[in-house]
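*Asks:* Data file work-v3.txt (compact mmCIF, C-alpha atoms and all ligand atoms) is appended below.
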```txt
# COMPACT_ATOMS: atom_id res chain seq x y z
CA MET A 19 -17.12 -85.01 -4.79
CA SER A 20 -14.13 -84.75 -2.55
CA THR A 21 -12.89 -86.72 0.42
CA PHE A 22 -13.26 -83.51 2.40
CA ASN A 23 -16.03 -81.06 3.14
CA ALA A 24 -15.88 -77.57 4.64
CA PRO A 25 -15.79 -77.93 8.46
CA LYS A 26 -19.07 -77.91 10.41
CA GLY A 27 -20.44 -74.42 10.77
CA THR A 28 -18.46 -73.02 7.85
CA PHE A 29 -19.44 -72.62 4.21
CA ASP A 30 -17.98 -71.70 0.86
CA MET A 31 -18.91 -68.33 -0.59
CA LEU A 32 -19.69 -69.37 -4.14
CA PRO A 33 -20.49 -67.46 -7.34
CA PRO A 34 -22.84 -65.95 -8.34
CA TYR A 35 -23.84 -65.36 -4.69
CA SER A 36 -20.34 -64.09 -3.93
CA GLU A 37 -21.08 -61.11 -6.19
CA THR A 38 -23.53 -59.76 -3.58
CA PHE A 39 -20.89 -60.29 -0.90
CA ASN A 40 -18.36 -58.18 -2.81
CA ARG A 41 -20.92 -55.54 -3.58
CA ILE A 42 -21.72 -55.12 0.15
CA ARG A 43 -18.04 -54.76 0.95
CA ILE A 44 -17.48 -52.18 -1.78
CA GLN A 45 -20.58 -50.19 -0.90
CA PHE A 46 -19.81 -49.92 2.82
CA GLY A 47 -16.18 -49.15 2.04
CA LEU A 48 -17.11 -46.21 -0.19
CA GLU A 49 -19.76 -44.93 2.18
CA LEU A 50 -17.47 -45.06 5.21
CA ARG A 51 -14.55 -43.53 3.35
CA ASP A 52 -16.76 -40.62 2.32
CA ALA A 53 -17.67 -40.16 6.00
CA GLY A 54 -13.99 -39.92 7.02
CA PHE A 55 -13.31 -43.52 8.03
CA GLN A 56 -9.99 -45.13 7.11
CA TYR A 57 -9.49 -48.84 6.55
CA ILE A 58 -7.76 -50.97 9.18
CA GLU A 59 -6.90 -54.65 9.12
CA THR A 60 -5.74 -56.48 12.21
CA PRO A 61 -4.58 -60.12 12.50
CA THR A 62 -7.15 -62.92 12.49
CA PHE A 63 -5.77 -64.14 15.81
CA GLU A 64 -4.70 -62.27 18.91
CA GLU A 65 -3.33 -63.02 22.35
CA THR A 66 -6.16 -64.74 24.23
CA GLY A 67 -5.83 -62.23 27.09
CA LEU A 68 -7.04 -59.41 24.82
CA PHE A 69 -10.48 -61.00 24.49
CA LEU A 70 -10.66 -62.07 28.15
CA ARG A 71 -10.06 -58.46 29.11
CA GLY A 72 -11.75 -56.77 26.16
CA VAL A 73 -14.90 -58.86 25.63
CA GLY A 74 -15.41 -59.84 29.28
CA GLU A 75 -14.69 -63.07 31.16
CA SER A 76 -18.32 -63.79 32.01
CA THR A 77 -19.70 -63.45 28.46
CA ASP A 78 -20.88 -66.45 26.44
CA ILE A 79 -18.30 -65.56 23.81
CA VAL A 80 -15.40 -65.98 26.23
CA THR A 81 -16.74 -68.86 28.31
CA LYS A 82 -18.11 -71.04 25.51
CA GLU A 83 -17.35 -69.84 22.02
CA MET A 84 -13.71 -68.99 21.48
CA TYR A 85 -11.35 -70.93 19.25
CA THR A 86 -8.34 -70.87 21.55
CA PHE A 87 -5.15 -72.76 20.85
CA GLU A 88 -1.56 -72.89 21.92
CA ASP A 89 0.98 -72.25 19.20
CA ARG A 90 4.27 -74.09 18.90
CA GLY A 91 5.91 -71.40 21.01
CA GLY A 92 3.54 -72.06 23.92
CA ARG A 93 1.51 -68.82 23.49
CA SER A 94 -2.23 -68.88 24.03
CA LEU A 95 -3.86 -67.42 20.92
CA THR A 96 -7.51 -67.02 19.94
CA LEU A 97 -9.18 -66.63 16.55
CA ARG A 98 -10.89 -63.25 16.83
CA PRO A 99 -14.54 -63.61 17.89
CA GLU A 100 -15.26 -59.91 17.21
CA GLY A 101 -13.48 -56.83 15.91
CA THR A 102 -13.60 -54.01 18.42
CA ALA A 103 -11.11 -55.24 21.01
CA ALA A 104 -8.45 -55.81 18.34
CA VAL A 105 -9.02 -52.43 16.69
CA MET A 106 -8.67 -50.74 20.08
CA ARG A 107 -5.55 -52.78 20.80
CA SER A 108 -4.08 -51.61 17.51
CA VAL A 109 -5.02 -47.95 18.07
CA LEU A 110 -3.32 -48.06 21.48
CA GLN A 111 -0.28 -49.99 20.27
CA HIS A 112 0.38 -47.56 17.42
CA ASN A 113 -0.67 -44.36 19.20
CA LEU A 114 -3.24 -43.64 16.51
CA TYR A 115 -5.10 -41.48 19.04
CA ALA A 116 -2.26 -38.93 19.14
CA GLY A 117 -3.79 -36.78 16.37
CA ARG A 118 -7.28 -35.56 15.62
CA LEU A 119 -10.09 -37.29 17.50
CA PRO A 120 -12.16 -39.28 17.02
CA VAL A 121 -10.01 -41.76 15.12
CA LYS A 122 -12.46 -43.20 12.59
CA LEU A 123 -11.69 -46.67 11.28
CA TRP A 124 -13.54 -49.34 9.33
CA TYR A 125 -12.76 -52.98 8.72
CA PHE A 126 -14.07 -56.07 6.98
CA GLY A 127 -13.18 -59.65 7.74
CA SER A 128 -13.88 -63.09 9.19
CA TYR A 129 -14.73 -63.78 12.81
CA TYR A 130 -14.98 -67.07 14.63
CA ARG A 131 -17.31 -68.32 17.33
CA TYR A 132 -17.95 -71.91 18.35
CA GLU A 133 -21.75 -71.65 18.28
CA ARG A 134 -24.45 -74.15 17.41
CA PRO A 135 -24.80 -73.70 13.64
CA GLN A 136 -28.23 -72.86 12.25
CA ALA A 137 -29.67 -70.64 9.54
CA GLY A 138 -27.86 -67.31 9.86
CA ARG A 139 -25.47 -68.60 12.51
CA THR A 140 -22.14 -70.01 11.47
CA ARG A 141 -18.81 -70.64 13.17
CA GLN A 142 -16.96 -68.43 10.75
CA PHE A 143 -18.79 -65.31 9.63
CA THR A 144 -17.95 -61.99 8.04
CA GLN A 145 -18.55 -58.56 9.48
CA VAL A 146 -18.09 -55.04 8.27
CA GLY A 147 -17.33 -52.83 11.23
CA ALA A 148 -16.76 -49.16 11.99
CA GLU A 149 -15.35 -47.55 15.11
CA ALA A 150 -15.06 -43.89 16.15
CA ILE A 151 -12.49 -43.76 18.93
CA GLY A 152 -11.85 -40.85 21.28
CA SER A 153 -15.03 -38.77 21.48
CA ASP A 154 -17.91 -38.74 23.95
CA ASP A 155 -20.03 -36.50 21.71
CA PRO A 156 -23.49 -38.09 21.39
CA LEU A 157 -23.56 -36.78 17.84
CA VAL A 158 -20.96 -39.44 16.98
CA ASP A 159 -23.38 -42.11 18.27
CA VAL A 160 -25.97 -40.70 15.88
CA GLU A 161 -23.46 -40.56 13.04
CA MET A 162 -22.69 -44.25 13.51
CA ILE A 163 -26.36 -45.23 13.60
CA ALA A 164 -27.11 -43.07 10.55
CA LEU A 165 -24.28 -44.65 8.55
CA ALA A 166 -25.44 -48.20 9.28
CA THR A 167 -29.04 -47.29 8.47
CA GLU A 168 -28.02 -45.63 5.22
CA GLY A 169 -25.83 -48.60 4.30
CA PHE A 170 -28.68 -51.08 4.74
CA GLN A 171 -31.03 -48.81 2.82
CA LYS A 172 -28.61 -48.47 -0.07
CA LEU A 173 -28.57 -52.25 -0.35
CA GLY A 174 -32.31 -52.01 -0.91
CA LEU A 175 -33.35 -53.23 2.55
CA ARG A 176 -36.60 -51.91 3.98
CA ASP A 177 -37.87 -54.44 6.52
CA PHE A 178 -35.34 -53.79 9.24
CA ARG A 179 -35.78 -52.10 12.58
CA LEU A 180 -33.43 -50.26 14.87
CA LEU A 181 -33.64 -51.21 18.56
CA LEU A 182 -32.17 -48.61 20.88
CA ASN A 183 -31.18 -48.56 24.53
CA SER A 184 -28.78 -46.97 26.98
CA LEU A 185 -26.81 -49.17 29.36
CA GLY A 186 -25.75 -46.33 31.65
CA CYS A 187 -22.20 -45.80 32.84
CA ARG A 188 -19.82 -46.68 35.66
CA GLU A 189 -21.79 -44.38 37.95
CA CYS A 190 -25.37 -45.47 37.37
CA ARG A 191 -25.11 -49.03 36.10
CA PRO A 192 -23.82 -50.57 39.38
CA VAL A 193 -26.76 -49.03 41.25
CA TYR A 194 -29.18 -50.44 38.69
CA ARG A 195 -27.36 -53.77 38.62
CA ALA A 196 -27.76 -54.18 42.40
CA LYS A 197 -31.44 -53.34 42.16
CA LEU A 198 -31.95 -55.81 39.33
CA GLN A 199 -30.09 -58.50 41.26
CA GLU A 200 -32.31 -57.93 44.26
CA PHE A 201 -35.39 -58.36 42.07
CA LEU A 202 -34.06 -61.44 40.28
CA ARG A 203 -32.81 -63.25 43.39
CA ALA A 204 -36.37 -63.39 44.73
CA LEU A 205 -37.61 -65.26 41.62
CA ASP A 206 -38.09 -68.98 41.22
CA LEU A 207 -35.41 -69.63 38.59
CA ASP A 208 -33.12 -72.58 37.86
CA ALA A 209 -29.67 -72.83 39.42
CA GLU A 210 -27.82 -71.81 36.27
CA THR A 211 -29.85 -68.62 35.95
CA HIS A 212 -29.32 -67.88 39.63
CA ALA A 213 -25.59 -68.20 39.06
CA ARG A 214 -25.90 -65.79 36.13
CA ILE A 215 -27.73 -63.28 38.36
CA GLU A 216 -24.56 -63.03 40.46
CA ILE A 217 -22.16 -62.73 37.52
CA ASN A 218 -24.01 -60.92 34.76
CA PRO A 219 -27.59 -60.07 35.81
CA LEU A 220 -28.34 -57.94 32.74
CA ARG A 221 -27.98 -61.05 30.56
CA VAL A 222 -30.94 -62.60 32.39
CA LEU A 223 -33.14 -59.95 30.77
CA ASP A 224 -32.09 -61.44 27.45
CA ASP A 225 -33.32 -64.95 28.36
CA LYS A 226 -35.51 -66.11 25.48
CA ARG A 227 -37.58 -68.67 27.46
CA PRO A 228 -41.22 -67.50 27.73
CA GLU A 229 -41.54 -68.69 31.36
CA VAL A 230 -38.50 -66.57 32.30
CA GLN A 231 -39.82 -63.62 30.31
CA ALA A 232 -43.10 -63.87 32.26
CA LEU A 233 -41.27 -63.86 35.59
CA ILE A 234 -39.17 -60.82 34.73
CA ALA A 235 -42.01 -58.80 33.22
CA ASP A 236 -41.81 -56.30 36.08
CA ALA A 237 -38.02 -56.20 36.39
CA PRO A 238 -36.58 -52.72 36.92
CA LEU A 239 -35.40 -51.06 33.70
CA ILE A 240 -32.04 -49.40 33.15
CA THR A 241 -33.60 -46.42 31.41
CA ASP A 242 -35.42 -45.57 34.66
CA HIS A 243 -32.11 -45.57 36.52
CA LEU A 244 -29.79 -43.50 34.34
CA CYS A 245 -27.73 -40.78 36.03
CA GLU A 246 -28.25 -37.24 34.82
CA ALA A 247 -25.35 -37.27 32.37
CA CYS A 248 -26.40 -40.59 30.81
CA ALA A 249 -30.04 -39.51 30.62
CA GLU A 250 -28.98 -36.31 28.87
CA HIS A 251 -26.79 -38.24 26.43
CA HIS A 252 -29.62 -40.64 25.65
CA THR A 253 -32.14 -37.84 25.19
CA PHE A 254 -29.80 -36.12 22.76
CA VAL A 255 -29.31 -39.29 20.69
CA ARG A 256 -33.05 -39.95 20.52
CA GLY A 257 -33.83 -36.34 19.65
CA MET A 258 -31.26 -36.22 16.87
CA LEU A 259 -32.49 -39.52 15.40
CA ASP A 260 -36.00 -38.01 15.40
CA GLU A 261 -34.65 -34.96 13.60
CA LEU A 262 -33.04 -37.15 10.94
CA GLU A 263 -36.25 -39.17 10.71
CA ILE A 264 -34.42 -42.37 11.54
CA ALA A 265 -37.00 -44.64 13.15
CA TYR A 266 -35.99 -46.51 16.31
CA GLU A 267 -37.71 -48.56 18.97
CA ASP A 268 -36.89 -47.90 22.61
CA THR A 269 -35.88 -51.31 23.90
CA PRO A 270 -34.93 -50.96 27.57
CA ARG A 271 -34.13 -54.67 27.86
CA LEU A 272 -31.67 -54.71 25.02
CA VAL A 273 -28.38 -56.03 26.34
CA ARG A 274 -25.57 -57.12 24.12
CA GLY A 275 -23.34 -60.16 24.34
CA LEU A 276 -20.18 -58.18 25.05
CA ASP A 277 -19.31 -56.59 28.39
CA TYR A 278 -17.65 -53.45 27.11
CA TYR A 279 -20.80 -51.56 26.11
CA ASN A 280 -22.12 -48.56 28.04
CA ARG A 281 -24.56 -45.75 27.30
CA THR A 282 -25.93 -45.97 23.73
CA THR A 283 -26.45 -49.55 22.55
CA PHE A 284 -28.36 -50.61 19.49
CA GLU A 285 -29.20 -53.53 17.31
CA PHE A 286 -30.58 -53.79 13.79
CA VAL A 287 -33.03 -56.63 13.35
CA HIS A 288 -34.62 -57.88 10.14
CA ASP A 289 -38.09 -59.36 10.16
CA GLY A 290 -37.53 -61.86 7.36
CA LEU A 291 -34.84 -63.91 9.09
CA GLY A 292 -36.44 -66.05 11.80
CA ALA A 293 -34.56 -66.70 15.04
CA GLN A 294 -31.22 -65.13 14.08
CA SER A 295 -32.71 -61.77 13.23
CA ALA A 296 -29.87 -59.43 14.26
CA ILE A 297 -28.20 -58.11 11.15
CA GLY A 298 -25.92 -55.77 13.09
CA GLY A 299 -25.29 -54.16 16.41
CA GLY A 300 -23.10 -51.80 18.31
CA GLY A 301 -22.84 -49.07 20.84
CA ARG A 302 -20.55 -47.05 23.09
CA TYR A 303 -17.63 -48.61 24.84
CA ASP A 304 -16.17 -45.72 26.80
CA GLY A 305 -14.15 -47.87 29.20
CA LEU A 306 -12.52 -50.32 26.79
CA SER A 307 -9.35 -48.30 26.18
CA GLU A 308 -8.65 -48.09 29.90
CA ASP A 309 -9.49 -51.78 30.35
CA LEU A 310 -6.71 -52.49 27.85
CA GLY A 311 -4.24 -50.22 29.63
CA GLY A 312 -4.80 -47.13 27.45
CA PRO A 313 -5.92 -43.58 28.20
CA ASP A 314 -9.50 -42.35 28.53
CA LEU A 315 -10.87 -42.75 24.99
CA PRO A 316 -14.66 -42.79 24.90
CA SER A 317 -15.71 -44.57 21.72
CA VAL A 318 -18.61 -45.91 19.73
CA GLY A 319 -18.87 -48.47 16.95
CA TRP A 320 -20.83 -51.18 15.22
CA ALA A 321 -20.43 -54.46 13.38
CA LEU A 322 -22.84 -55.71 10.75
CA GLY A 323 -23.11 -59.37 9.77
CA ILE A 324 -22.60 -59.80 6.04
CA GLY A 325 -24.10 -63.30 5.87
CA ARG A 326 -27.32 -62.21 7.55
CA THR A 327 -27.43 -59.04 5.48
CA MET A 328 -27.29 -61.26 2.39
CA LEU A 329 -30.12 -63.42 3.76
CA ALA A 330 -32.12 -60.25 4.43
CA MET A 331 -31.53 -59.05 0.86
CA GLU A 332 -32.65 -62.42 -0.42
CA ALA A 333 -35.78 -62.27 1.77
CA GLU A 334 -36.62 -58.88 0.24
CA GLY A 335 -35.84 -60.02 -3.31
CA GLN A 336 -32.86 -57.71 -3.63
CA THR A 337 -30.66 -59.57 -6.04
CA VAL A 338 -27.44 -58.04 -7.25
CA GLU A 339 -27.04 -57.93 -10.99
CA THR A 340 -24.07 -60.00 -12.00
CA PRO A 341 -22.06 -57.94 -14.43
CA ALA A 342 -21.06 -59.67 -17.68
CA ASP A 343 -17.83 -61.54 -17.14
CA CYS A 344 -16.22 -59.68 -20.00
CA ASP A 345 -16.86 -57.42 -23.00
CA VAL A 346 -14.77 -59.33 -25.49
CA TYR A 347 -14.28 -63.09 -25.84
CA GLY A 348 -11.57 -64.68 -27.97
CA VAL A 349 -12.18 -67.76 -30.09
CA ALA A 350 -9.13 -69.20 -31.83
CA ILE A 351 -8.90 -72.25 -34.05
CA GLY A 352 -5.37 -73.58 -34.46
CA ASP A 353 -2.18 -73.02 -32.56
CA ALA A 354 -0.93 -69.88 -34.33
CA ALA A 355 -4.40 -68.31 -33.96
CA ARG A 356 -4.41 -69.11 -30.24
CA ARG A 357 -1.19 -67.17 -29.77
CA ALA A 358 -2.48 -64.21 -31.78
CA VAL A 359 -5.80 -64.08 -29.93
CA PHE A 360 -4.13 -64.41 -26.55
CA ALA A 361 -1.91 -61.42 -27.40
CA MET A 362 -5.00 -59.38 -28.37
CA ILE A 363 -6.84 -60.34 -25.17
CA THR A 364 -3.82 -59.32 -23.12
CA GLN A 365 -3.68 -55.96 -24.92
CA LEU A 366 -7.41 -55.37 -24.36
CA ARG A 367 -6.96 -56.00 -20.64
CA ILE A 368 -4.11 -53.48 -20.53
CA GLU A 369 -6.56 -51.02 -22.11
CA ASP A 370 -9.03 -51.79 -19.27
CA ILE A 371 -11.44 -53.69 -21.50
CA PRO A 372 -12.66 -56.85 -19.73
CA ALA A 373 -11.65 -59.74 -21.98
CA ASP A 374 -11.37 -63.51 -21.85
CA MET A 375 -10.93 -66.37 -24.31
CA ALA A 376 -11.61 -70.06 -24.83
CA PHE A 377 -8.73 -72.10 -23.47
CA GLY A 378 -7.87 -75.73 -23.88
CA GLY A 379 -8.09 -76.10 -27.66
CA LYS A 380 -11.90 -76.18 -27.90
CA LYS A 381 -13.52 -76.83 -31.26
CA LEU A 382 -15.27 -73.86 -32.92
CA LYS A 383 -18.76 -74.85 -31.76
CA GLY A 384 -17.75 -75.29 -28.11
CA ALA A 385 -15.72 -72.08 -28.15
CA MET A 386 -18.63 -70.06 -29.64
CA LYS A 387 -20.93 -71.47 -26.95
CA ALA A 388 -18.46 -70.36 -24.30
CA ALA A 389 -18.39 -66.91 -25.95
CA SER A 390 -22.16 -66.51 -25.72
CA GLN A 391 -22.20 -67.78 -22.12
CA SER A 392 -19.55 -65.25 -21.15
CA GLY A 393 -21.95 -62.35 -21.61
CA ALA A 394 -19.45 -60.62 -23.92
CA ARG A 395 -20.67 -58.13 -26.53
CA TYR A 396 -18.08 -59.09 -29.13
CA ALA A 397 -16.10 -62.16 -30.04
CA ILE A 398 -12.77 -62.12 -31.81
CA VAL A 399 -12.79 -65.19 -34.02
CA VAL A 400 -9.54 -66.23 -35.70
CA GLY A 401 -8.87 -69.33 -37.77
CA ASP A 402 -5.71 -70.29 -39.68
CA ARG A 403 -7.15 -68.92 -42.95
CA ASP A 404 -7.84 -65.56 -41.27
CA LEU A 405 -4.27 -65.51 -40.07
CA THR A 406 -2.86 -66.01 -43.56
CA GLU A 407 -5.08 -63.17 -44.73
CA GLY A 408 -3.89 -61.03 -41.78
CA VAL A 409 -7.37 -60.48 -40.31
CA ALA A 410 -9.56 -61.40 -37.35
CA GLN A 411 -13.35 -61.64 -37.48
CA ILE A 412 -15.08 -59.35 -35.03
CA LYS A 413 -18.45 -60.84 -34.30
CA ASP A 414 -21.25 -58.83 -32.70
CA LEU A 415 -22.77 -61.44 -30.37
CA SER A 416 -26.08 -59.61 -30.10
CA ASN A 417 -26.96 -60.02 -33.78
CA GLY A 418 -24.32 -62.34 -35.25
CA ASP A 419 -22.86 -59.71 -37.65
CA GLN A 420 -19.28 -60.49 -38.48
CA THR A 421 -16.62 -58.17 -39.98
CA PRO A 422 -13.00 -58.91 -40.88
CA VAL A 423 -10.58 -56.43 -39.32
CA PRO A 424 -6.79 -56.28 -39.88
CA LEU A 425 -5.01 -57.93 -36.96
CA ASP A 426 -3.19 -54.78 -35.90
CA ARG A 427 -6.48 -52.82 -35.83
CA VAL A 428 -8.52 -55.25 -33.70
CA VAL A 429 -7.84 -53.62 -30.32
CA THR A 430 -8.47 -50.09 -31.64
CA VAL A 431 -11.68 -51.09 -33.43
CA LEU A 432 -13.02 -52.87 -30.33
CA LYS A 433 -12.12 -49.90 -28.15
CA GLU A 434 -14.12 -47.63 -30.45
CA LYS A 435 -17.08 -50.00 -30.58
CA LEU A 436 -17.20 -50.33 -26.80
CA GLN A 437 -16.98 -46.62 -26.01
P1 LIG B 1 -22.13 -59.10 17.71
O1 LIG B 1 -20.66 -58.83 17.74
O2 LIG B 1 -22.50 -60.37 18.41
O3 LIG B 1 -22.97 -57.94 18.07
O4 LIG B 1 -22.44 -59.39 16.17
C1 LIG B 1 -22.65 -58.39 15.24
C2 LIG B 1 -23.35 -58.99 14.05
O5 LIG B 1 -22.56 -60.03 13.48
C3 LIG B 1 -24.66 -59.68 14.39
O6 LIG B 1 -25.71 -58.76 14.40
C4 LIG B 1 -24.79 -60.69 13.27
O7 LIG B 1 -25.34 -60.07 12.12
C5 LIG B 1 -23.37 -61.08 13.00
N1 LIG B 1 -23.05 -62.34 13.69
C6 LIG B 1 -22.65 -62.52 14.97
N2 LIG B 1 -22.43 -63.81 15.24
C7 LIG B 1 -22.70 -64.50 14.11
C8 LIG B 1 -22.66 -65.89 13.74
N3 LIG B 1 -22.27 -66.83 14.60
N4 LIG B 1 -23.01 -66.21 12.47
C9 LIG B 1 -23.38 -65.27 11.58
N5 LIG B 1 -23.42 -63.96 11.87
C10 LIG B 1 -23.09 -63.56 13.11
```
Written as C-alpha cells, that's how I'd like the structure from this file.
Ligand code: AMP

*Replies:*
Amino acid sequence: MSTFNAPKGTFDMLPPYSETFNRIRIQFGLELRDAGFQYIETPTFEETGLFLRGVGESTDIVTKEMYTFEDRGGRSLTLRPEGTAAVMRSVLQHNLYAGRLPVKLWYFGSYYRYERPQAGRTRQFTQVGAEAIGSDDPLVDVEMIALATEGFQKLGLRDFRLLLNSLGCRECRPVYRAKLQEFLRALDLDAETHARIEINPLRVLDDKRPEVQALIADAPLITDHLCEACAEHHTFVRGMLDELEIAYEDTPRLVRGLDYYNRTTFEFVHDGLGAQSAIGGGGRYDGLSEDLGGPDLPSVGWALGIGRTMLAMEAEGQTVETPADCDVYGVAIGDAARRAVFAMITQLRIEDIPADMAFGGKKLKGAMKAASQSGARYAIVVGDRDLTEGVAQIKDLSNGDQTPVPLDRVVTVLKEKLQ
C-alpha cells in the first residue's frame, strides 16, 4: 500500500513480466543491427511545433491527445506522441543524411498520448521503431515490412496479419481526396463527420460505426486512383512480398492516424487482442523532411507497440523463460563469514559468473531457502567454524551434495564446475 498509485493510463512494468519486455527489445535491436540499422535516442519531449508540423494539425493525436506544457522559460513543449517526427528532426539537425543513403536508424522508448485507457491502450506506451531515410526505392518498403514480420515471428507470434495499402502521393491523392469529399458530402452524416470531410476526409473511411460503414460501402478507393508512378511502386511492393512469401491483405481503406504517410502504408493486426488489435504500423513519409524544412528525403518506417506485442504473445501462450537469477548463491553465518562470502561473490561477478547472496543477517534456514529460490546451481555456505578451518562448503543445490573447498580455491572450483 502507498498513498500514491501510478497515474491513470500508466502502469508499472513488473517482474517477471518485464523479462519479456527486455527480450523484445534485445531481439529487435539485434535483428535491426544485423540489417544495418543504428540506434538513435531523441529527447522524450520536443518543441510542440515539431508535432503540429510533423504529425499534422488535423489529426486526433494533435487535436486531442498531446501532453503539452509550458516550461519555466515559457517554451511550449510536448511529450512525444510518436517517434518519426523527432527522428527526422534529429537527422536534419545533425546532417545525418550527408553520407550514404538511406540513413537507417532504430529506436526504443516511451510515447505519450492522452487517450481513453482500455486493454491495450495506455497513456504511456513503449514502441520499437525503425526508419530508413533518404530512398524512394520500393525495395526499402519491402525490407521494412520483412523485418517487422520476421521480428514478430521470432517472438513466436503466428496469428497476426499484415494489412497493406497505398495512399498515393502529392499528385494523385488530392484528386482522389476531392472525389471522396464529393461522395461523402452527399451522405446523411452527423455534423462532426461533415466537418471531418472538409478537413481530413480519408479519416472518415476509418469510422468504426456500422451505420457509417454501411453508408460508405461504395466510397471511391484510393487504389483505383493512383497515378502511374504510385501504381508502379505499389505493384512492385506487392510483387516482392509475394516473392518472399510474406502474406498481406490489400486493405484499400487503411488510413493511419498521422498525416505524413504517402504511398505504402501498412498495419500489423493480431486476432487475439480485441478492439485494440494493431500491434504495429508504418509506411512511407516522403514529404516529412520538406515539411520540417529539410531537403527531399523520401523515407519509410514503422513503429511496433511493445505492450500489445506482449499481450499478443500472452494470447498465443508464448511465455519467455525467466533465466535463473544467478548461478551461485552465498550463505554466510556470522559477521566474518559475511565479509568473506561477499568478497567471493564480488570476485565471481568479475569473472562473469552471475552470483548473489543472502543479505540482512538471515539465519541459516532462511538463507538456504533464499538460495533455492534464487535458481542458483551452487551455494557457497560459510559458518564461523568453516572460517577457522579456512574452508567454504560448496553445496550442489540440485542434489544437496556438499564439499569443503579451501577459501582461496572457491572461485576457481566454481568456475570449473560451471563451465
Ligand atoms: P501509431 O503510431 O499510432 O501507428 O502506433 C504504432 C503502434 O504503437 C500501434 O500499432 C500500437 O501497437 C502502439 N500504440 C499506439 N498507441 C498506443 C496506446 N495508446 N497504447 C498502447 N499502444 C499503443

*Asks:* Which residues are near range 282-298 of chain A? Cut-off 7 Å, all atoms listed in the file, ignore same chain within fewer than 2 positions. Put them as a list in words.

*Replies:*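 Near neighbours after the sequence-gap exclusion: Gly138, Arg139, Asp177, Phe178, Arg179, Leu180, Leu181, Leu182, Asn183, Ser184, Leu185, His252, Tyr279, Asn280, Gly300, Gly301, Arg302, Ala321, Leu322, Gly323, Arg326, Thr327, Ala330 and Ala333 of chain A.
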
*Asks:* Given the selection you just returned, output its residues as a file containing C-alpha atoms, formatted as a short mmCIF file (atom, residue, chain, number, x, y, z; two decimals), in the frame of the given file.

*Replies:*
```cif
data_model
loop_
_atom_site.label_atom_id
_atom_site.label_comp_id
_atom_site.auth_asym_id
_atom_site.auth_seq_id
_atom_site.Cartn_x
_atom_site.Cartn_y
_atom_site.Cartn_z
CA GLY A 138 -27.86 -67.31 9.86
CA ARG A 139 -25.47 -68.60 12.51
CA ASP A 177 -37.87 -54.44 6.52
CA PHE A 178 -35.34 -53.79 9.24
CA ARG A 179 -35.78 -52.10 12.58
CA LEU A 180 -33.43 -50.26 14.87
CA LEU A 181 -33.64 -51.21 18.56
CA LEU A 182 -32.17 -48.61 20.88
CA ASN A 183 -31.18 -48.56 24.53
CA SER A 184 -28.78 -46.97 26.98
CA LEU A 185 -26.81 -49.17 29.36
CA HIS A 252 -29.62 -40.64 25.65
CA TYR A 279 -20.80 -51.56 26.11
CA ASN A 280 -22.12 -48.56 28.04
CA GLY A 300 -23.10 -51.80 18.31
CA GLY A 301 -22.84 -49.07 20.84
CA ARG A 302 -20.55 -47.05 23.09
CA ALA A 321 -20.43 -54.46 13.38
CA LEU A 322 -22.84 -55.71 10.75
CA GLY A 323 -23.11 -59.37 9.77
CA ARG A 326 -27.32 -62.21 7.55
CA THR A 327 -27.43 -59.04 5.48
CA ALA A 330 -32.12 -60.25 4.43
CA ALA A 333 -35.78 -62.27 1.77
#
```

*Asks:* Tell me which protein, DNA and RNA residues are within 10 Å of Glu216 in chain A, counting all atoms listed in the file, leaving out same-chain ones fewer than 6 positions away, and put them as a count of residues only.

*Replies:* 5

*Asks:* Can you list, as a ChimeraX atom specification, every protein, DNA or RNA residue that comes within 7 Å of Ala376 in chain A when you count only C-alpha atoms, leaving out same-chain residues fewer than 5 positions away?

*Replies:* /A:348-349,385,388

*Asks:* Would you mind telling me which residue in A:Glu88, A:Glu229, A:Glu261, A:Asp277 lies nearest to ligand LIG 1 (chain B) when using only C-alpha atoms and all ligand atoms?

*Replies:*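 Of all the options, A:Asp277 lies closest to ligand LIG 1 (chain B).
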
*Asks:* So the first atom is CA of Ala265 in chain A and the second is CA of His243 in chain A; what is the distance between them in Å, to one decimal place?

*Replies:*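 Interatomic distance, CA of Ala265 in chain A to CA of His243 in chain A: 23.9 Å.
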
*Asks:* A:Asp353, A:Asp242, A:Asp154, A:Asp78: which is nearest Gly401 in chain A, counting all atoms listed in the file?

*Replies:* A:Asp353

*Asks:* Pick out the closest residue to ligand LIG 1 (chain B) from this set: A:Gly325, A:Gly74, A:Gly186, A:Pro219. Count all atoms listed in the file.

*Replies:* A:Gly325

*Asks:* Around the point (-19.7, -66.9, -19.6), in the coordinates given by the file, pick out the residues reaching within 10 Å, counting all atoms listed in the file, and return them as a list in words.

*Replies:* Ala342, Asp343, Cys344, Tyr347, Asp374, Met375, Lys387, Ala388, Ala389, Ser390, Gln391, Ser392, Gly393 and Ala394 of chain A

*Asks:* Hey, what's within 12 Å of Val431 in chain A if we count all atoms listed in the file and toss same-chain stuff fewer than 5 positions away? As a list in words, please?

*Replies:*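 What passes the distance filter is Val346, Met362, Leu366, Tyr396, Ile398, Ala410, Gln411, Ile412, Lys413, Thr421, Pro422, Val423, Pro424, Leu425, Asp426, Leu436 and Gln437 of chain A.
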
*Asks:* Write the residues you've just listed into a file as a short mmCIF file (atom, residue, chain, number, x, y, z; two decimals), in the frame of the given file, and include C-alpha atoms for each of them.

*Replies:*
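Output file selection27.cif is given in full below:
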```
data_model
loop_
_atom_site.label_atom_id
_atom_site.label_comp_id
_atom_site.auth_asym_id
_atom_site.auth_seq_id
_atom_site.Cartn_x
_atom_site.Cartn_y
_atom_site.Cartn_z
CA VAL A 346 -14.77 -59.33 -25.49
CA MET A 362 -5.00 -59.38 -28.37
CA LEU A 366 -7.41 -55.37 -24.36
CA TYR A 396 -18.08 -59.09 -29.13
CA ILE A 398 -12.77 -62.12 -31.81
CA ALA A 410 -9.56 -61.40 -37.35
CA GLN A 411 -13.35 -61.64 -37.48
CA ILE A 412 -15.08 -59.35 -35.03
CA LYS A 413 -18.45 -60.84 -34.30
CA THR A 421 -16.62 -58.17 -39.98
CA PRO A 422 -13.00 -58.91 -40.88
CA VAL A 423 -10.58 -56.43 -39.32
CA PRO A 424 -6.79 -56.28 -39.88
CA LEU A 425 -5.01 -57.93 -36.96
CA ASP A 426 -3.19 -54.78 -35.90
CA LEU A 436 -17.20 -50.33 -26.80
CA GLN A 437 -16.98 -46.62 -26.01
#
```
